[in-house]
Amino acid sequence: MVRKKKVVRKRGEKMKKINKIGSCFLAVIVLFAFTSIVIADVSNIEVTWYVPGDTSFSYDLAGAETEIVFAPSGQNFNNQSMRSQTSAIPGLNISNDGNKAIKINATFADAWYASGIANFNMSIAPTDNSTRYYWTNANETTSNQTIASSIAQGSYEEWWIWSSGTGVTESAEGADKSTFRLTSSSA
Amino acid sequence: MAHTKKKAKIIVAVVVLCFIGTASAIIFTSSENESFLDMIQQKKGEPRYDYTGGSELFPVEFREKVWNNITGDFRPNYPNMTNEEYAWIFGNLPPFPEDFFSITELVYEGKIADFSRITEEYWKQPEFYTAWFSLYEPKYLRNNPGSWCPEGYGCFPLIKEGYVDKGVTMRIDTFFRTGFAVEAYQGLILRPYMPKEAKNVMGNTLFEQSDSVEKYFNYHITNPDNAIFTSFKDSISSNNVLEKDWFTVLEPTYSLILDKYGNFVQYQGFPEDWVQIVTLEIDVAPDTPTGDYVFAFKIEEPCYHINQEFYYSIDHEYYGSKYNPVGRMFKTDIPHFQLILHVQ
């Protein structure tokens with residue numbers, strides 16, 4: 001009688017074990033089924049063609065500038081160099097880090113805010129009388145000029161920058177700033 | 001006892017049923033994929049548009065594999081590069097694979113459409129990007145100490161073309177990288193959008209699309225996640241990061257490490273994640289008209305409140321004057337990445 005009870009208890013424990021294993025297995029299966037449905041839902045777009053091109057760029061500014069800044073000592077200045085620029089250090093240097101030749105266009109996004117600024121000049125040589133590209137305070141500020149017709153992949157171009165003005169006063173933070181915009185496109 | 005037996009039988013039956021169900025679901029799904037792949041195969045071979053417009057794209061500069069004793073892998077032997085320079089320029093990158101140039105050549109020939117097959121050992125090497133061989137000397141070995149590089153980035157590849165069915169959710173990847181020898185921590189917002197026109201490499205219009213097509217798609221960047229933005233967004237009063245955007249601060253690819261007194265300690269080259277996979281996920285509505293659509297990435301300058309966080313913060317890492325919010329001064333006339341998607 002005691003033996004029978006023990007056998008029954010053992011069978012009961014076995015069943016419990018089967019139940020536990022079964023439940024775990026069921027949980028795993030359900031989880032697996034759910035995951036496979038989710039995976040099947042979001043897949044990668046099948047790419048049928050791609051262009052192995054790259055328009056990466058980088059540019060350097062003189063010193064540690066993050067913008068083109070002029071810091072004249074007075075209100076009147078003539079061919080004032082961009083801050084931190086020297087004959088050995090160009091104000092701006094654009095590198096073509098991509099794999100196709102690019103041209104660079106430059107313009108001001110809007111009219112100059114500071115009054116008295118006469119011009120903004122750029123050259124690929126460090127002497128101010130070699131100016132090649134210029135914007136004046138007339139109606140040319142937003143004229144788009146090609147400052148580099150072709151920079152080959154892996155090459156760079158350097159520019160020196162100056163500005164002249166008369167009676168220019170420093171205004172509140174940001175008020176005398178204008179947005180100079182460089183746009184690269186395929187050469 | 002009988003009850004327990006019954007319960008066990010039911011569980012076994014359910015398990016078997018689930019197993020059969022799952023197996024048939026898998027078979028059904030894969031057969032669906034096969035038919036989809038068959039369909040794609042039929043359409044492969046010719047691009048839908050003249051994407052290059054006759055412009056010349058330079059391939060990778062192929063080099064024969066040669067063991068490099070200094071780096072202990074197959075990285076090219078650069079003339080005039082010292083052991084120290086190898087260490088600081090490439091030290092944080094994965095080992096250079098033996099078959100690097102043969103695989104990379106296939107990528108530039110357009111033969112490897114599935115970019116998930118290429119591991120980071122390939123696309124994290126600067127040699128993967130063709131301009132490297134011309135720029136490593138002026139930018140890394142002879143860097144001008146009188147200037148610095150506050151901005152530079154780009155994507156590879158430039159354009160991808162793909163097909164999808166209506167009513168599905170799909171993903172597409174591109175490599176987004178920092179430019180060579182960038183010295184700033186660049187704060188930027190990468191924004192997916194549907195431009196008014198698809199453009200080829202020359203900037204010519206391939207096709208136009210109206211703003212009204214936006215209603216058929218729900219799209220956002222899912223990878224990398226927005227961990228940096230999430231860490232501070234609740235502490236600022238406003239921001240210009242949209243749900244679909246990715247805000248990031250790209251680490252410099254060239255730095256001078258200084259001690260607390262400002263004395264030079266060492267140079268540092270490419271950080272581990274200087275190239276990242278960016279994933280765009282797109283839900284295509286079931287009622288989307290059959291046709292071609294274009295998606296692209298653009299760079300947006302972070303707003304004033306975000307920038308303040310990185311000039312100075314008490315909540316997380318900040319970069320002071322080495323932080324530079326980018327996306328204002330320099331633009332490209334075509335997006336850094338475009339997806340031409342044909343919905344059928």
# chains A, B, ... in the order shown; residues from 1 in each chain; ligands from 1
$ residues_around --residues "segment 204-212 of chain B" --least-positions-apart "4" --cutoff "12 Å" --atoms "only C-alpha atoms" --output "mmCIF file with N, CA and C atoms, in the first residue's frame"
data_model
loop_
_atom_site.group_PDB
_atom_site.id
_atom_site.type_symbol
_atom_site.label_atom_id
_atom_site.label_comp_id
_atom_site.auth_asym_id
_atom_site.auth_seq_id
_atom_site.Cartn_x
_atom_site.Cartn_y
_atom_site.Cartn_z
ATOM 1 N N SER A 185 28.878 71.344 -56.289
ATOM 2 C CA SER A 185 28.095 70.601 -57.270
ATOM 3 C C SER A 185 29.061 69.868 -58.194
ATOM 4 N N SER A 186 28.536 69.015 -59.010
ATOM 5 C CA SER A 186 29.385 68.229 -59.899
ATOM 6 C C SER A 186 30.071 69.137 -60.906
ATOM 7 N N ARG B 48 16.791 52.365 -63.457
ATOM 8 C CA ARG B 48 15.572 52.983 -64.008
ATOM 9 C C ARG B 48 15.861 54.353 -64.611
ATOM 10 N N TYR B 49 16.956 54.997 -64.172
ATOM 11 C CA TYR B 49 17.290 56.352 -64.670
ATOM 12 C C TYR B 49 18.787 56.432 -64.951
ATOM 13 N N ASP B 50 19.172 57.491 -65.661
ATOM 14 C CA ASP B 50 20.596 57.757 -65.905
ATOM 15 C C ASP B 50 21.129 58.513 -64.678
ATOM 16 N N TYR B 51 21.575 57.754 -63.696
ATOM 17 C CA TYR B 51 21.936 58.364 -62.423
ATOM 18 C C TYR B 51 23.236 59.167 -62.456
ATOM 19 N N THR B 52 24.193 58.762 -63.273
ATOM 20 C CA THR B 52 25.482 59.473 -63.265
ATOM 21 C C THR B 52 25.462 60.675 -64.198
ATOM 22 N N GLY B 53 24.631 60.662 -65.207
ATOM 23 C CA GLY B 53 24.552 61.780 -66.141
ATOM 24 C C GLY B 53 25.869 62.024 -66.853
ATOM 25 N N GLY B 54 26.649 60.977 -66.997
ATOM 26 C CA GLY B 54 27.925 61.085 -67.709
ATOM 27 C C GLY B 54 29.084 61.510 -66.830
ATOM 28 N N SER B 55 28.824 61.769 -65.546
ATOM 29 C CA SER B 55 29.930 62.221 -64.686
ATOM 30 C C SER B 55 30.806 61.031 -64.290
ATOM 31 N N TYR B 193 13.777 63.232 -45.738
ATOM 32 C CA TYR B 193 12.679 64.013 -46.298
ATOM 33 C C TYR B 193 12.375 63.519 -47.699
ATOM 34 N N MET B 194 11.262 63.964 -48.239
ATOM 35 C CA MET B 194 10.887 63.622 -49.619
ATOM 36 C C MET B 194 11.044 64.888 -50.451
ATOM 37 N N PRO B 195 12.163 65.008 -51.177
ATOM 38 C CA PRO B 195 12.414 66.244 -51.928
ATOM 39 C C PRO B 195 11.423 66.435 -53.077
ATOM 40 N N LYS B 196 11.396 67.635 -53.616
ATOM 41 C CA LYS B 196 10.481 67.930 -54.728
ATOM 42 C C LYS B 196 10.933 67.264 -56.011
ATOM 43 N N GLU B 197 12.212 66.914 -56.071
ATOM 44 C CA GLU B 197 12.695 66.236 -57.278
ATOM 45 C C GLU B 197 13.851 65.285 -56.956
ATOM 46 N N ALA B 198 13.924 64.218 -57.756
ATOM 47 C CA ALA B 198 15.072 63.313 -57.665
ATOM 48 C C ALA B 198 16.131 63.852 -58.621
ATOM 49 N N LYS B 199 17.397 63.811 -58.181
ATOM 50 C CA LYS B 199 18.455 64.380 -59.023
ATOM 51 C C LYS B 199 19.525 63.349 -59.305
ATOM 52 N N ASN B 200 20.142 63.455 -60.472
ATOM 53 C CA ASN B 200 21.285 62.579 -60.732
ATOM 54 C C ASN B 200 22.557 63.239 -60.206
ATOM 55 N N TYR B 216 1.386 59.010 -48.105
ATOM 56 C CA TYR B 216 1.445 57.564 -48.318
ATOM 57 C C TYR B 216 2.590 56.886 -47.553
ATOM 58 N N PHE B 217 3.439 57.709 -46.953
ATOM 59 C CA PHE B 217 4.626 57.135 -46.314
ATOM 60 C C PHE B 217 4.791 57.655 -44.894
ATOM 61 N N THR B 288 -0.933 53.333 -51.735
ATOM 62 C CA THR B 288 0.067 54.153 -52.438
ATOM 63 C C THR B 288 -0.025 53.899 -53.948
ATOM 64 N N PRO B 289 -0.140 54.955 -54.743
ATOM 65 C CA PRO B 289 -0.180 54.746 -56.196
ATOM 66 C C PRO B 289 1.138 54.133 -56.701
ATOM 67 N N GLY B 291 4.369 53.670 -58.678
ATOM 68 C CA GLY B 291 5.224 54.697 -59.288
ATOM 69 C C GLY B 291 6.534 54.874 -58.565
ATOM 70 N N ASP B 292 7.296 55.885 -58.969
ATOM 71 C CA ASP B 292 8.613 56.158 -58.387
ATOM 72 C C ASP B 292 8.524 57.291 -57.374
ATOM 73 N N TYR B 293 9.262 57.128 -56.292
ATOM 74 C CA TYR B 293 9.304 58.134 -55.232
ATOM 75 C C TYR B 293 10.758 58.336 -54.833
ATOM 76 N N VAL B 294 11.049 59.509 -54.294
ATOM 77 C CA VAL B 294 12.425 59.749 -53.846
ATOM 78 C C VAL B 294 12.434 60.183 -52.382
ATOM 79 N N PHE B 295 13.363 59.599 -51.643
ATOM 80 C CA PHE B 295 13.628 59.965 -50.250
ATOM 81 C C PHE B 295 15.077 60.427 -50.193
ATOM 82 N N ASP B 333 24.598 70.629 -53.831
ATOM 83 C CA ASP B 333 23.396 70.866 -54.657
ATOM 84 C C ASP B 333 22.555 69.603 -54.819
ATOM 85 N N ILE B 334 23.142 68.442 -54.561
ATOM 86 C CA ILE B 334 22.336 67.213 -54.519
ATOM 87 C C ILE B 334 22.447 66.645 -53.108
ATOM 88 N N GLN B 338 20.270 59.616 -51.656
ATOM 89 C CA GLN B 338 18.900 59.547 -52.192
ATOM 90 C C GLN B 338 18.498 58.087 -52.354
ATOM 91 N N ILE B 340 15.762 56.008 -54.506
ATOM 92 C CA ILE B 340 14.740 56.029 -55.548
ATOM 93 C C ILE B 340 13.932 54.746 -55.349
ATOM 94 N N LEU B 341 12.692 54.916 -54.939
ATOM 95 C CA LEU B 341 11.882 53.763 -54.563
ATOM 96 C C LEU B 341 10.741 53.563 -55.552
#
$ residues_around --residues "Trp274 of chain B" --least-positions-apart "6" --cutoff "9 Å" --atoms "only C-alpha atoms" --output "list in words"
Lys124, Phe176, Arg177, Thr178, Gly179, Leu250, Glu251, Pro252 and Thr253 of chain B
$ residues_around --residues "Gly98 of chain A" --least-positions-apart "3" --cutoff "8 Å" --atoms "only C-alpha atoms" --output "compact mmCIF listing (two decimals) with N, CA and C atoms, in the first residue's frame"
# COMPACT_ATOMS: atom_id res chain seq x y z
N GLY A 53 28.95 56.56 -55.45
CA GLY A 53 29.46 57.93 -55.42
C GLY A 53 29.48 58.46 -53.99
N ASP A 54 30.12 59.61 -53.83
CA ASP A 54 30.39 60.12 -52.50
C ASP A 54 30.62 61.63 -52.62
N THR A 55 29.77 62.43 -51.99
CA THR A 55 29.94 63.89 -52.08
C THR A 55 30.56 64.45 -50.80
N SER A 56 31.33 63.64 -50.09
CA SER A 56 31.92 64.11 -48.83
C SER A 56 32.86 65.29 -49.07
N PHE A 57 32.92 66.14 -48.09
CA PHE A 57 33.77 67.33 -48.19
C PHE A 57 34.30 67.64 -46.79
N GLN A 153 38.79 64.89 -57.14
CA GLN A 153 38.65 64.07 -55.93
C GLN A 153 40.03 63.96 -55.25
N GLY A 154 40.03 64.11 -53.94
CA GLY A 154 41.29 64.02 -53.20
C GLY A 154 42.15 65.27 -53.31
N TYR B 129 37.33 54.73 -48.86
CA TYR B 129 36.87 55.96 -49.50
C TYR B 129 38.00 56.51 -50.35
N THR B 130 37.72 56.69 -51.63
CA THR B 130 38.80 56.81 -52.62
C THR B 130 39.72 58.01 -52.43
N ALA B 131 39.23 59.10 -51.87
CA ALA B 131 40.06 60.30 -51.76
C ALA B 131 41.17 60.14 -50.72
N GLY B 154 29.75 63.11 -45.14
CA GLY B 154 29.15 62.64 -46.39
C GLY B 154 28.63 61.23 -46.25
$ interface_residues --of "chain B" --to "chain A" --cutoff "6 Å" --atoms "only C-alpha atoms" --output "ChimeraX atom specification"
/B:8,15,22,44,47,57-58,108,113,131,134-135,146-149,151-154,156-162,169-172,179,202,329-333
$ write_last_selection --atoms "C-alpha atoms" --output "PDB file, in the first residue's frame"
ATOM      1  CA  ALA B   8      -0.077  16.845 -20.267  1.00  0.00           C
ATOM      2  CA  VAL B  15       3.048  22.150 -28.741  1.00  0.00           C
ATOM      3  CA  THR B  22       5.341  27.924 -37.034  1.00  0.00           C
ATOM      4  CA  LYS B  44      17.831  43.789 -62.142  1.00  0.00           C
ATOM      5  CA  PRO B  47      18.917  51.237 -63.644  1.00  0.00           C
ATOM      6  CA  LEU B  57      33.093  58.549 -60.404  1.00  0.00           C
ATOM      7  CA  PHE B  58      36.512  57.444 -59.281  1.00  0.00           C
ATOM      8  CA  TYR B 108      32.770  50.309 -56.506  1.00  0.00           C
ATOM      9  CA  ALA B 113      24.024  45.409 -53.766  1.00  0.00           C
ATOM     10  CA  ALA B 131      40.056  60.302 -51.756  1.00  0.00           C
ATOM     11  CA  SER B 134      45.461  61.653 -52.025  1.00  0.00           C
ATOM     12  CA  LEU B 135      44.585  63.330 -48.745  1.00  0.00           C
ATOM     13  CA  GLY B 146      47.770  77.328 -38.366  1.00  0.00           C
ATOM     14  CA  SER B 147      44.250  76.314 -39.342  1.00  0.00           C
ATOM     15  CA  TRP B 148      41.639  73.831 -38.252  1.00  0.00           C
ATOM     16  CA  CYS B 149      38.823  71.854 -39.813  1.00  0.00           C
ATOM     17  CA  GLU B 151      33.133  70.732 -40.683  1.00  0.00           C
ATOM     18  CA  GLY B 152      33.073  67.724 -43.017  1.00  0.00           C
ATOM     19  CA  TYR B 153      30.873  64.677 -43.691  1.00  0.00           C
ATOM     20  CA  GLY B 154      29.155  62.643 -46.392  1.00  0.00           C
ATOM     21  CA  PHE B 156      28.277  56.367 -49.379  1.00  0.00           C
ATOM     22  CA  PRO B 157      26.738  55.348 -51.697  1.00  0.00           C
ATOM     23  CA  LEU B 158      25.136  58.431 -53.159  1.00  0.00           C
ATOM     24  CA  ILE B 159      22.010  56.850 -54.643  1.00  0.00           C
ATOM     25  CA  LYS B 160      20.229  53.527 -54.083  1.00  0.00           C
ATOM     26  CA  GLU B 161      17.352  52.213 -56.156  1.00  0.00           C
ATOM     27  CA  GLY B 162      14.888  49.604 -54.912  1.00  0.00           C
ATOM     28  CA  THR B 169       7.468  48.285 -43.932  1.00  0.00           C
ATOM     29  CA  MET B 170      11.001  48.303 -45.305  1.00  0.00           C
ATOM     30  CA  ARG B 171      14.480  49.486 -44.295  1.00  0.00           C
ATOM     31  CA  ILE B 172      17.360  50.968 -46.252  1.00  0.00           C
ATOM     32  CA  GLY B 179      35.284  63.965 -43.336  1.00  0.00           C
ATOM     33  CA  MET B 202      25.198  66.058 -62.175  1.00  0.00           C
ATOM     34  CA  MET B 329      27.822  77.542 -44.402  1.00  0.00           C
ATOM     35  CA  PHE B 330      28.427  74.547 -46.681  1.00  0.00           C
ATOM     36  CA  LYS B 331      25.757  72.874 -48.823  1.00  0.00           C
ATOM     37  CA  THR B 332      25.718  70.387 -51.678  1.00  0.00           C
ATOM     38  CA  ASP B 333      23.396  70.866 -54.657  1.00  0.00           C
TER      39      ASP B 333
END
$ residues_around --residues "Arg83 of chain A" --least-positions-apart "5" --cutoff "7 Å" --atoms "only C-alpha atoms" --output "short mmCIF file (atom, residue, chain, number, x, y, z; two decimals) with N, CA and C atoms, in the first residue's frame"
data_model
loop_
_atom_site.label_atom_id
_atom_site.label_comp_id
_atom_site.auth_asym_id
_atom_site.auth_seq_id
_atom_site.Cartn_x
_atom_site.Cartn_y
_atom_site.Cartn_z
N VAL A 69 35.59 85.78 -39.92
CA VAL A 69 35.44 86.95 -39.04
C VAL A 69 36.47 88.01 -39.42
N PHE A 70 36.04 89.27 -39.43
CA PHE A 70 36.97 90.39 -39.62
C PHE A 70 36.97 91.19 -38.31
N ALA A 71 38.15 91.51 -37.86
CA ALA A 71 38.23 92.24 -36.59
C ALA A 71 39.12 93.46 -36.75
#
$ residues_around --residues "Phe133 of chain B" --least-positions-apart "3" --cutoff "10 Å" --atoms "only C-alpha atoms" --output "number ranges by chain"
A: 154; B: 60-61, 78, 126-130, 136-137
